[in-house]
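What follows is run20.csv (CSV, C-alpha atoms).
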chain,number,residue,atom,x,y,z
A,66,TYR,CA,21.0,-12.7,90.1
A,67,ILE,CA,24.6,-12.6,88.9
A,68,PRO,CA,26.1,-9.2,88.1
A,69,LEU,CA,27.9,-9.3,84.7
A,70,MET,CA,30.1,-6.7,82.8
A,71,ASN,CA,28.4,-3.7,84.4
A,72,ASN,CA,26.1,-2.8,87.3
A,73,SER,CA,23.0,-2.6,85.2
A,74,LEU,CA,23.3,-6.1,83.7
A,75,GLU,CA,22.0,-9.1,85.6
A,76,VAL,CA,21.4,-12.8,84.8
A,77,ILE,CA,18.5,-14.6,86.5
A,78,THR,CA,18.0,-18.3,86.8
A,79,LEU,CA,14.3,-19.0,86.7
A,80,THR,CA,13.2,-22.3,88.3
A,81,LYS,CA,9.7,-23.7,88.5
A,82,ASN,CA,9.6,-22.5,92.1
A,83,THR,CA,10.8,-19.0,91.3
A,84,LEU,CA,8.5,-18.8,88.4
A,85,ARG,CA,5.6,-19.6,90.7
A,86,GLU,CA,6.6,-16.8,93.0
A,87,ALA,CA,7.0,-14.5,90.1
A,88,VAL,CA,3.5,-15.2,88.9
A,89,SER,CA,2.2,-14.7,92.4
A,90,HIS,CA,3.9,-11.3,92.8
A,91,ASN,CA,3.5,-10.2,89.2
A,92,LYS,CA,7.2,-9.7,88.8
A,93,TYR,CA,7.5,-9.8,85.0
A,94,TRP,CA,4.0,-8.6,84.1
A,95,GLY,CA,3.9,-5.3,86.0
A,96,ASN,CA,5.9,-2.1,85.6
A,97,SER,CA,9.3,-3.6,86.5
A,98,TYR,CA,11.0,-6.4,84.6
A,99,GLU,CA,10.1,-7.0,80.9
A,100,ALA,CA,8.3,-10.2,80.5
A,101,PRO,CA,10.0,-13.2,78.6
A,102,PHE,CA,6.6,-14.7,77.9
A,103,SER,CA,2.9,-14.0,78.7
A,104,LYS,CA,1.5,-14.6,82.1
A,105,ASN,CA,-0.8,-17.2,80.5
A,106,LYS,CA,2.3,-19.1,79.2
A,107,ALA,CA,3.9,-18.8,82.6
A,108,ARG,CA,0.9,-20.4,84.3
A,109,TRP,CA,0.9,-23.1,81.7
A,110,LEU,CA,4.6,-23.9,82.2
A,111,LEU,CA,3.8,-24.4,85.9
A,112,GLU,CA,1.3,-27.1,84.9
A,113,ASN,CA,4.1,-29.3,83.3
A,114,ASN,CA,4.1,-32.3,85.6
A,115,ARG,CA,7.4,-33.5,84.2
A,116,ALA,CA,9.1,-30.4,85.7
A,117,GLU,CA,10.1,-30.5,89.4
A,118,ASP,CA,10.2,-27.5,91.6
A,119,ASP,CA,14.0,-27.0,91.4
A,120,ASP,CA,14.1,-27.6,87.6
A,121,VAL,CA,15.4,-24.6,85.7
A,122,LEU,CA,12.9,-23.3,83.1
A,123,ALA,CA,14.8,-20.3,81.8
A,124,ILE,CA,18.0,-18.1,82.0
A,125,LEU,CA,17.1,-14.4,81.7
A,126,GLY,CA,19.6,-11.6,80.9
A,127,TYR,CA,18.4,-8.1,81.8
A,128,GLU,CA,19.8,-4.6,81.4
A,129,ASN,CA,18.0,-2.0,83.5
A,130,HIS,CA,15.0,-4.5,83.6
A,131,THR,CA,14.9,-4.8,79.8
A,132,ILE,CA,15.4,-8.3,78.6
A,133,VAL,CA,18.6,-8.7,76.5
A,134,ALA,CA,19.2,-12.4,76.6
A,135,PHE,CA,17.1,-15.5,77.0
A,136,VAL,CA,17.4,-19.3,77.0
A,137,ALA,CA,14.4,-21.5,77.6
A,138,LEU,CA,14.5,-25.0,79.1
A,139,VAL,CA,11.5,-27.3,79.1
A,140,PRO,CA,11.8,-30.5,81.2
A,141,ASP,CA,10.6,-33.7,79.5
A,142,TRP,CA,11.3,-37.4,79.3
A,143,ILE,CA,13.0,-39.4,76.6
A,144,GLU,CA,12.7,-43.2,76.2
A,145,ASN,CA,15.1,-45.5,74.4
A,146,LYS,CA,14.3,-48.9,72.7
A,147,ALA,CA,15.0,-50.8,75.9
A,148,GLY,CA,12.2,-48.8,77.7
A,149,ASP,CA,14.6,-46.8,79.9
A,150,VAL,CA,13.2,-43.3,80.6
A,151,LYS,CA,15.5,-40.3,81.3
A,152,LYS,CA,14.8,-36.7,82.2
A,153,ILE,CA,15.9,-34.3,79.5
A,154,PHE,CA,15.5,-30.5,78.9
A,155,TRP,CA,14.4,-29.1,75.5
A,156,SER,CA,16.5,-26.0,74.7
A,157,GLN,CA,15.2,-24.6,71.4
A,158,ARG,CA,14.8,-20.9,72.3
A,159,TRP,CA,18.0,-19.0,72.6
A,160,TRP,CA,18.0,-15.3,71.9
A,161,ALA,CA,20.1,-12.1,72.5
A,162,SER,CA,19.3,-8.6,71.6
A,163,ASP,CA,21.2,-6.9,68.8
A,164,THR,CA,23.1,-4.8,71.4
A,165,TYR,CA,24.6,-8.0,72.9
A,166,LYS,CA,24.6,-10.6,70.2
A,167,ASP,CA,28.3,-10.1,69.4
A,168,THR,CA,29.4,-10.1,73.0
A,169,ILE,CA,30.1,-13.0,75.4
A,170,LEU,CA,26.6,-12.7,76.9
A,171,PRO,CA,24.8,-15.1,74.5
A,172,THR,CA,27.3,-17.9,75.2
A,173,TYR,CA,27.4,-17.0,78.8
A,174,VAL,CA,23.7,-17.5,79.4
A,175,LYS,CA,23.8,-20.7,77.3
A,176,SER,CA,26.6,-22.2,79.3
A,177,ILE,CA,24.7,-21.4,82.5
A,178,SER,CA,21.6,-23.2,81.1
A,179,LEU,CA,23.7,-26.3,80.3
A,180,LYS,CA,25.3,-26.3,83.7
A,181,GLU,CA,21.9,-25.9,85.6
A,182,CYS,CA,20.5,-29.0,84.0
A,183,ASN,CA,23.7,-31.0,84.1
A,184,ASN,CA,23.9,-31.0,80.2
A,185,GLN,CA,20.8,-33.1,79.9
A,186,VAL,CA,19.8,-31.1,76.8
A,187,VAL,CA,18.0,-32.0,73.5
A,188,ILE,CA,17.7,-29.6,70.6
A,189,LYS,CA,14.7,-30.2,68.3
A,190,PHE,CA,16.4,-28.7,65.3
A,191,LEU,CA,19.4,-26.6,64.5
A,192,GLY,CA,18.9,-23.0,63.3
A,193,ASP,CA,21.3,-21.4,60.8
A,194,ASN,CA,22.4,-18.8,63.4
A,195,THR,CA,23.5,-21.4,66.0
A,196,LYS,CA,25.3,-24.0,63.8
A,197,ALA,CA,28.8,-22.6,64.5
A,198,TYR,CA,28.2,-22.8,68.2
A,199,TYR,CA,26.9,-26.3,68.4
A,200,GLU,CA,29.5,-27.7,66.0
A,201,LYS,CA,32.1,-26.9,68.7
A,202,GLN,CA,30.1,-28.4,71.5
A,203,PRO,CA,29.8,-32.1,72.6
A,204,PHE,CA,26.4,-32.8,70.9
A,205,THR,CA,25.5,-35.7,68.6
A,206,LYS,CA,23.2,-35.5,65.6
A,207,PHE,CA,20.2,-37.8,65.3
A,208,SER,CA,16.7,-37.9,63.8
A,209,GLU,CA,17.4,-36.6,60.3
A,210,ARG,CA,14.1,-35.6,58.6
A,211,ASN,CA,12.5,-33.0,56.3
A,212,ARG,CA,10.4,-30.0,57.3
A,213,TYR,CA,7.9,-29.0,54.8
A,214,ILE,CA,6.6,-25.4,54.6
A,215,ILE,CA,3.8,-25.3,52.0
A,216,ILE,CA,2.4,-22.0,50.8
A,217,PHE,CA,-1.1,-21.6,49.3
A,218,SER,CA,-1.0,-18.0,48.2
A,219,LEU,CA,1.5,-15.4,46.9
A,220,ASN,CA,1.9,-14.4,50.6
A,221,TYR,CA,2.7,-10.7,50.7
A,222,ASP,CA,4.6,-11.0,54.0
A,223,ILE,CA,7.1,-13.5,52.8
A,224,LEU,CA,7.6,-11.7,49.5
A,225,VAL,CA,8.4,-8.5,51.2
A,226,TYR,CA,10.6,-10.2,53.8
A,227,LYS,CA,12.6,-11.8,50.9
A,228,LYS,CA,12.8,-8.6,48.9
A,229,LYS,CA,12.2,-5.4,50.8
A,230,SER,CA,12.1,-3.3,47.6
A,231,LEU,CA,8.7,-4.9,46.8
A,232,LYS,CA,7.1,-2.7,49.6
A,233,LYS,CA,6.9,0.0,46.9
A,234,ILE,CA,4.1,-2.0,45.2
A,235,ALA,CA,2.5,-3.2,48.5
A,236,PRO,CA,-1.2,-2.5,47.6
A,237,LEU,CA,-0.8,-4.5,44.3
A,238,LEU,CA,0.9,-7.4,46.1
A,239,LYS,CA,-1.7,-7.5,48.8
A,240,LEU,CA,-4.4,-7.6,46.1
A,241,PHE,CA,-2.6,-10.5,44.3
A,242,ASP,CA,-2.2,-12.3,47.7
A,243,ALA,CA,-5.9,-12.1,48.5
A,244,SER,CA,-6.9,-13.1,45.0
A,245,SER,CA,-4.6,-16.0,44.8
A,246,ARG,CA,-5.7,-17.2,48.3
A,247,LYS,CA,-9.3,-17.1,47.3
A,248,VAL,CA,-8.9,-18.9,44.0
A,249,ILE,CA,-6.6,-21.6,45.5
A,250,SER,CA,-8.9,-22.1,48.4
A,251,ILE,CA,-11.9,-22.7,46.1
A,252,ILE,CA,-10.0,-25.2,44.0
A,253,ASN,CA,-8.6,-27.1,47.0
A,254,THR,CA,-12.0,-27.1,48.8
A,255,LEU,CA,-13.6,-28.8,45.8
A,256,LYS,CA,-10.7,-31.4,45.8
A,257,ALA,CA,-11.2,-32.1,49.5
A,258,LYS,CA,-15.0,-32.2,49.4
A,259,LYS,CA,-15.0,-35.4,47.3
A,260,ARG,CA,-13.5,-37.4,50.2
A,261,THR,CA,-14.8,-35.5,53.3
A,262,GLN,CA,-18.5,-35.4,52.5
A,263,ASN,CA,-19.1,-38.8,54.3
A,264,LEU,CA,-16.8,-37.9,57.2
A,265,ASP,CA,-17.7,-36.3,60.6
A,266,ILE,CA,-15.3,-33.8,62.2
A,267,GLU,CA,-15.5,-33.5,66.0
A,268,TYR,CA,-13.7,-30.5,67.5
A,269,ILE,CA,-12.3,-31.1,71.0
A,270,ASN,CA,-10.5,-29.1,73.7
A,271,SER,CA,-9.1,-32.0,75.5
A,272,VAL,CA,-8.5,-35.8,75.0
A,273,ASP,CA,-11.0,-38.1,76.8
A,274,LYS,CA,-10.5,-41.8,77.5
A,275,ASP,CA,-11.9,-43.0,74.1
A,276,THR,CA,-9.7,-40.5,72.2
A,277,TRP,CA,-6.7,-41.5,74.2
A,278,ASP,CA,-7.3,-45.2,73.4
A,279,TYR,CA,-7.0,-44.3,69.8
A,280,ILE,CA,-4.0,-42.0,70.2
A,281,GLU,CA,-2.1,-44.4,72.4
A,282,LYS,CA,-1.7,-46.9,69.6
A,283,HIS,CA,-0.2,-44.3,67.3
A,284,CYS,CA,2.4,-42.9,69.7
A,285,ALA,CA,3.4,-46.1,71.5
A,286,HIS,CA,6.8,-46.0,69.9
A,287,ASP,CA,7.5,-42.3,70.3
A,288,VAL,CA,10.9,-41.4,71.6
A,289,ILE,CA,9.1,-38.9,73.8
A,290,PRO,CA,6.6,-40.9,75.9
A,291,LYS,CA,3.0,-39.7,75.8
A,292,THR,CA,0.2,-39.9,78.4
A,293,GLN,CA,-3.3,-38.6,78.2
A,294,ASP,CA,-2.5,-35.8,80.7
A,295,TYR,CA,0.6,-34.8,78.9
A,296,ILE,CA,-1.2,-34.4,75.6
A,297,ASN,CA,-4.0,-32.4,77.3
A,298,TRP,CA,-1.3,-30.1,78.7
A,299,GLN,CA,0.3,-29.7,75.3
A,300,ILE,CA,-2.9,-28.7,73.5
A,301,CYS,CA,-4.4,-26.6,76.2
A,302,ASN,CA,-5.4,-23.2,74.9
A,303,ASN,CA,-5.0,-21.5,78.3
A,304,GLN,CA,-1.4,-20.9,77.4
A,305,TYR,CA,-2.3,-18.2,74.9
A,306,HIS,CA,-3.5,-14.7,75.4
A,307,VAL,CA,-6.1,-13.9,72.7
A,308,VAL,CA,-6.7,-10.2,72.2
A,309,LYS,CA,-10.3,-9.8,71.3
A,310,ASP,CA,-10.6,-6.1,71.7
A,311,LYS,CA,-8.7,-3.1,73.3
A,312,ALA,CA,-9.9,-4.1,76.8
A,313,SER,CA,-8.3,-7.6,76.5
A,314,LYS,CA,-4.9,-6.3,75.3
A,315,PRO,CA,-2.3,-6.8,78.0
A,316,TYR,CA,-0.5,-3.7,79.4
A,317,TYR,CA,2.9,-5.4,79.1
A,318,ASN,CA,5.1,-6.5,76.2
A,319,CYS,CA,6.8,-9.9,76.1
A,320,LEU,CA,9.6,-11.5,74.1
A,321,LEU,CA,7.9,-14.7,73.0
A,322,GLY,CA,4.8,-14.5,70.8
A,323,SER,CA,1.9,-16.0,72.7
A,324,ILE,CA,-0.3,-12.9,72.5
A,325,SER,CA,-2.4,-12.3,69.4
A,326,ASN,CA,-5.8,-11.8,68.0
A,327,LYS,CA,-5.5,-15.2,66.3
A,328,ILE,CA,-3.6,-17.8,68.2
A,329,TYR,CA,-4.8,-21.2,69.4
A,330,ASN,CA,-4.5,-25.0,69.1
A,331,MET,CA,-7.1,-26.5,66.8
A,332,ASN,CA,-7.8,-30.2,67.7
A,333,PHE,CA,-10.3,-32.5,66.1
A,334,LEU,CA,-11.2,-36.1,65.5
A,335,VAL,CA,-12.0,-37.5,62.0
A,336,LYS,CA,-14.8,-40.0,62.2
A,337,LYS,CA,-16.2,-42.4,59.7
A,338,GLU,CA,-19.4,-44.3,60.5
A,339,ASN,CA,-18.9,-43.2,64.2
A,340,ASP,CA,-15.4,-44.7,64.4
A,341,ILE,CA,-12.4,-42.6,65.0
A,342,ILE,CA,-10.1,-42.8,61.9
A,343,GLY,CA,-7.8,-39.8,62.7
A,344,PHE,CA,-6.6,-37.3,65.3
A,345,ILE,CA,-5.3,-34.0,64.2
A,346,SER,CA,-4.0,-31.1,66.2
A,347,GLY,CA,-2.4,-27.9,64.8
A,348,PHE,CA,-1.1,-24.6,66.2
A,349,VAL,CA,-2.8,-21.7,64.4
A,350,SER,CA,-1.0,-18.3,64.6
A,351,GLY,CA,-2.2,-15.7,62.1
A,352,LYS,CA,-2.0,-17.3,58.6
A,353,ARG,CA,0.3,-20.2,59.7
A,354,PHE,CA,-0.9,-23.7,60.6
A,355,THR,CA,1.8,-25.8,62.2
A,356,VAL,CA,0.9,-29.5,62.4
A,357,ARG,CA,1.5,-31.0,65.9
A,358,TYR,CA,-0.4,-34.3,65.7
A,359,PHE,CA,-1.5,-36.2,62.6
A,360,PHE,CA,-2.5,-39.7,63.5
A,361,ALA,CA,-4.2,-41.9,60.9
A,362,ASN,CA,-4.0,-45.5,59.7
A,363,ASP,CA,-2.7,-46.1,56.2
A,364,ASP,CA,-6.1,-47.0,54.9
A,365,ASN,CA,-7.6,-43.7,56.1
A,366,PHE,CA,-4.5,-41.5,55.6
A,367,ASP,CA,-5.9,-39.7,52.5
A,368,TYR,CA,-9.3,-39.0,54.2
A,369,CYS,CA,-7.4,-37.4,57.1
A,370,VAL,CA,-5.3,-35.3,54.7
A,371,ASP,CA,-8.5,-34.0,53.2
A,372,ALA,CA,-9.9,-33.2,56.6
A,373,LEU,CA,-6.8,-31.3,57.5
A,374,ILE,CA,-6.9,-29.2,54.4
A,375,THR,CA,-10.6,-28.5,54.8
A,376,ASN,CA,-9.9,-27.1,58.3
A,377,PHE,CA,-6.8,-25.3,57.2
A,378,ILE,CA,-8.9,-23.4,54.6
A,379,LYS,CA,-11.7,-22.9,57.1
A,380,GLU,CA,-9.2,-21.1,59.5
A,381,ARG,CA,-8.1,-18.8,56.6
A,382,CYS,CA,-4.5,-20.0,56.8
A,383,THR,CA,-2.1,-19.8,53.8
A,384,LEU,CA,1.0,-21.5,55.2
A,385,LEU,CA,1.2,-25.1,56.5
A,386,GLN,CA,4.2,-26.5,58.3
A,387,THR,CA,5.0,-30.2,59.1
A,388,GLU,CA,7.9,-32.5,59.7
A,389,ASN,CA,5.8,-35.5,58.7
A,390,SER,CA,7.3,-36.4,55.3
A,391,MET,CA,4.5,-38.6,54.2
A,392,LEU,CA,2.0,-35.8,55.0
A,393,GLY,CA,4.0,-33.1,53.3
A,394,GLN,CA,4.5,-35.1,50.1
A,395,ARG,CA,0.8,-36.1,50.0
A,396,ILE,CA,-0.4,-32.5,50.3
A,397,LYS,CA,2.1,-31.3,47.7
A,398,SER,CA,1.0,-33.9,45.2
A,399,LYS,CA,-2.7,-33.7,45.8
A,400,TYR,CA,-3.4,-30.0,46.2
A,401,LEU,CA,-2.8,-26.7,44.4
A,402,THR,CA,0.0,-24.8,46.1
A,403,VAL,CA,2.2,-21.9,45.2
A,404,TYR,CA,5.5,-23.0,46.8
A,405,THR,CA,7.0,-25.8,48.9
A,406,ASP,CA,10.2,-25.6,50.8
A,407,ALA,CA,11.5,-28.9,52.0
A,408,LYS,CA,14.5,-28.4,54.4
A,409,GLN,CA,16.5,-31.1,55.9
A,410,LEU,CA,16.6,-31.0,59.7
A,411,PHE,CA,18.3,-33.0,62.4
A,412,SER,CA,18.1,-33.0,66.2
A,413,LEU,CA,21.0,-32.8,68.7
A,414,ILE,CA,21.5,-34.5,72.0
A,415,HIS,CA,24.2,-33.7,74.5
A,416,ASN,CA,26.8,-36.4,74.9
A,417,ASP,CA,26.2,-36.4,78.7
A,418,VAL,CA,22.6,-37.7,78.1
A,419,ARG,CA,23.4,-41.4,78.5
A,420,THR,CA,20.8,-43.0,76.3
A,421,ASP,CA,20.7,-44.6,72.8
A,422,VAL,CA,18.8,-42.5,70.3
A,423,ALA,CA,20.7,-43.7,67.2
A,424,ASN,CA,17.6,-44.6,65.2
A,425,ALA,CA,15.1,-42.4,67.1
A,426,ILE,CA,12.9,-40.0,65.2
A,427,ILE,CA,11.7,-36.6,66.6
A,428,ASN,CA,8.1,-36.1,65.4
A,429,ASP,CA,5.8,-33.1,64.9
A,430,GLN,CA,4.3,-33.8,68.3
A,431,ASP,CA,7.7,-33.7,70.1
A,432,GLY,CA,9.4,-30.6,71.6
A,433,ASN,CA,6.8,-27.9,70.7
A,434,PHE,CA,6.3,-25.8,73.7
A,435,LEU,CA,7.3,-22.1,73.4
Take the structure in the file and write it out as C-alpha cells.
Amino acid sequence: YIPLMNNSLEVITLTKNTLREAVSHNKYWGNSYEAPFSKNKARWLLENNRAEDDDVLAILGYENHTIVAFVALVPDWIENKAGDVKKIFWSQRWWASDTYKDTILPTYVKSISLKECNNQVVIKFLGDNTKAYYEKQPFTKFSERNRYIIIFSLNYDILVYKKKSLKKIAPLLKLFDASSRKVISIINTLKAKKRTQNLDIEYINSVDKDTWDYIEKHCAHDVIPKTQDYINWQICNNQYHVVKDKASKPYYNCLLGSISNKIYNMNFLVKKENDIIGFISGFVSGKRFTVRYFFANDDNFDYCVDALITNFIKERCTLLQTENSMLGQRIKSKYLTVYTDAKQLFSLIHNDVRTDVANAIINDQDGNFL
C-alpha cells in the first residue's frame, strides 16, 4: 500500500493475483478491511479469462480499514473494423466518500488506475459528476446513443428522490404506486398476450452450442468481441449474493450493490415453431430491469419485444432501462407507460488506445460488469 496524507490513509492496488490471495485469506470479508464488493463478485471477477494475473482490477483507498475511495478496472478486448484486437480496461466505477470527495484523493486514485493499465481505458458513459474531470483529460468521444429509462408505475422511490417533501404523504403515494403498477400491468399483459400466445419461452442459465450459433450471427460486428464462454461468464448468477433469509445474509457490508433479496440475470430464448427467433438477457435488481442482450431479426422484433414485456411484468419490475434505441422507441409506442427519459450518452476512449473506433457503437451487452 501507499501511505497518503496521514498515517491512517492507504491506497491499495488490487491485481487479479492479489484478489485471489484476498479471497483465499478472507481479507475483505472478515473483520478487518471493508469490502469493495461481495465475495461472490470477487470470485466471479477471477473467472474473467480476459484478465491476466498481473492486470489491475481496482484501486482501493482506505482510512482505518474503512473504504473511502474506489476505482474499478475490468480487462476486456476491443476490435476495430480491420479485425485488430486490443486489450482495454473498462473504468466506469469511480467513487469517493463525502469526507474525501473534495480532496485530492479521488483524482489521485484515478491517476493511479490510469497509470497501472498504461492508459488503455474505455468509459462506457459519462456521468454528470465526472464531466469536468474528463473534459480536461486526453479522451475522445465516440458511440453517441440514447439511453431509455421507461417507468411503468408512479414509482414512489423516484418521486420521493426527486422531491423529498413528498415523504409526508408516503402511505398515499405507495398506494398510488401499487395501484398504478397493477392497472398498467394488466393492460400491458393483454397487449403482449396477442402476440406471445404462439411463442415458447425457454429460460436458460448458460448458453449452449445451439444458442451460441444463433447469438454469434447477431454480435459478429460488436466492437467488443464475444465468445460463448465470455457470454456465459457475463450472465452467470454466481456473481450475486441472494439473501433468502436471515441465515443467508452476509456478516459484512460492501460498497457495490451485489447483495440483495432480488438480484439476478434473467436469460431466455424466444422460440416459434421450435426455432430460436430471439435471445434476451436482463439484469433484475429490485424493481429495475436492465436489458443486457436483445437479439432478434427484424421480422421477429415485435414478437421479442412482447416476450420481453411479458417477462418484465412477470418479475414484478416497474422500470426498464436500455440503450437500444429501436427497442426503447418500440416499447414507448406500443405499451402503456407513465414516463420515459431518453438521455443522450457517449463513450470515451483514452487517446493512448491506438485503435480506430470512430464509427463504433457500444451496445447494451458491452461493459456491464459491476
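Of note, CA of Tyr199 (chain A) and CA of Ile124 (chain A) are spaced 18.2 Å apart.
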Quiz prompt | Nearby residues (only C-alpha atoms) at most 9 Å from Ile252 (chain A), same-chain spacing under 5 positions excluded, as a count of residues only | solution = 4
Exercise. Mind checking which residues fall within 9 Å of region 340-348 of chain A, counting all atoms listed in the file, ignoring those fewer than 5 positions away in the same chain, and posting them as a ChimeraX atom specification?
Key: /A:276,279-280,300,328-335,353-362,365-366,368-369,372-373,430
Written selection (C-alpha atoms) as a CSV table (one decimal), in the frame of the given file:
chain,number,residue,atom,x,y,z
A,276,THR,CA,-9.7,-40.5,72.2
A,279,TYR,CA,-7.0,-44.3,69.8
A,280,ILE,CA,-4.0,-42.0,70.2
A,300,ILE,CA,-2.9,-28.7,73.5
A,328,ILE,CA,-3.6,-17.8,68.2
A,329,TYR,CA,-4.8,-21.2,69.4
A,330,ASN,CA,-4.5,-25.0,69.1
A,331,MET,CA,-7.1,-26.5,66.8
A,332,ASN,CA,-7.8,-30.2,67.7
A,333,PHE,CA,-10.3,-32.5,66.1
A,334,LEU,CA,-11.2,-36.1,65.5
A,335,VAL,CA,-12.0,-37.5,62.0
A,353,ARG,CA,0.3,-20.2,59.7
A,354,PHE,CA,-0.9,-23.7,60.6
A,355,THR,CA,1.8,-25.8,62.2
A,356,VAL,CA,0.9,-29.5,62.4
A,357,ARG,CA,1.5,-31.0,65.9
A,358,TYR,CA,-0.4,-34.3,65.7
A,359,PHE,CA,-1.5,-36.2,62.6
A,360,PHE,CA,-2.5,-39.7,63.5
A,361,ALA,CA,-4.2,-41.9,60.9
A,362,ASN,CA,-4.0,-45.5,59.7
A,365,ASN,CA,-7.6,-43.7,56.1
A,366,PHE,CA,-4.5,-41.5,55.6
A,368,TYR,CA,-9.3,-39.0,54.2
A,369,CYS,CA,-7.4,-37.4,57.1
A,372,ALA,CA,-9.9,-33.2,56.6
A,373,LEU,CA,-6.8,-31.3,57.5
A,430,GLN,CA,4.3,-33.8,68.3
Self-check item: Who sits within 9 Å of Val150 (chain A), only C-alpha atoms, same chain under 4 positions skipped, as a list in words
Solution: Trp142, Ile143, Glu144, Asn145, Pro290 and Thr420 of chain A
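Closest approach to Thr172 (chain A) among A:Thr195, A:Thr383, A:Ser244, A:Asn113: A:Thr195, based on only C-alpha atoms.
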Quiz item: Can you tell me, as a PyMOL selection string, what residues are no more than 12 Å from Glu112 (chain A) when counting only C-alpha atoms, ignoring any on the same chain fewer than 6 positions away?
Solution: chain A and resi 81-82+84-85+105-106+118+139-140+294-295+297-299+301+303-304
Practice problem: Using all atoms listed in the file, pick whichever of A:Val349, A:Ile269, A:Val403, A:Ile378 has the shortest atom-to-atom distance to Ser245 (chain A). | Solution: A:Val403
Quiz item: Which of these residues is nearest to Tyr404 (chain A), using only C-alpha atoms: A:Ser218, A:Asn114, A:Gln157, A:Thr168?
Solution: A:Ser218
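Counting all atoms listed in the file and comparing A:Val88, A:Ala116, A:Ala134, A:Leu384, the residue that lies closest to Asp167 (chain A) is A:Ala134.
Here CA of Tyr98 (chain A) stands at a distance of 10.3 Å from CA of Asn318 (chain A).
Shortest atom-to-atom contact with Asp406 (chain A) among A:Lys166, A:Arg212, A:Arg381, A:Lys309: A:Arg212, counting only C-alpha atoms.
Take the candidates A:Ala197, A:Val174, A:Ala285, A:Val187 and check each one against Val422 (chain A) using all atoms listed in the file; the shortest distance goes to A:Val187.
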Quiz item: Separation of CA of Leu392 (chain A) and CA of Asp287 (chain A), in Å?
Solution: 17.5 Å
Quiz item: Which residues, written as a ChimeraX atom specification, have at least one atom at most 9 Å from Glu99 (chain A), with all atoms listed in the file counted and residues fewer than 3 positions away on the same chain left out?
Solution: /A:92-96,102,127,130-132,317-320
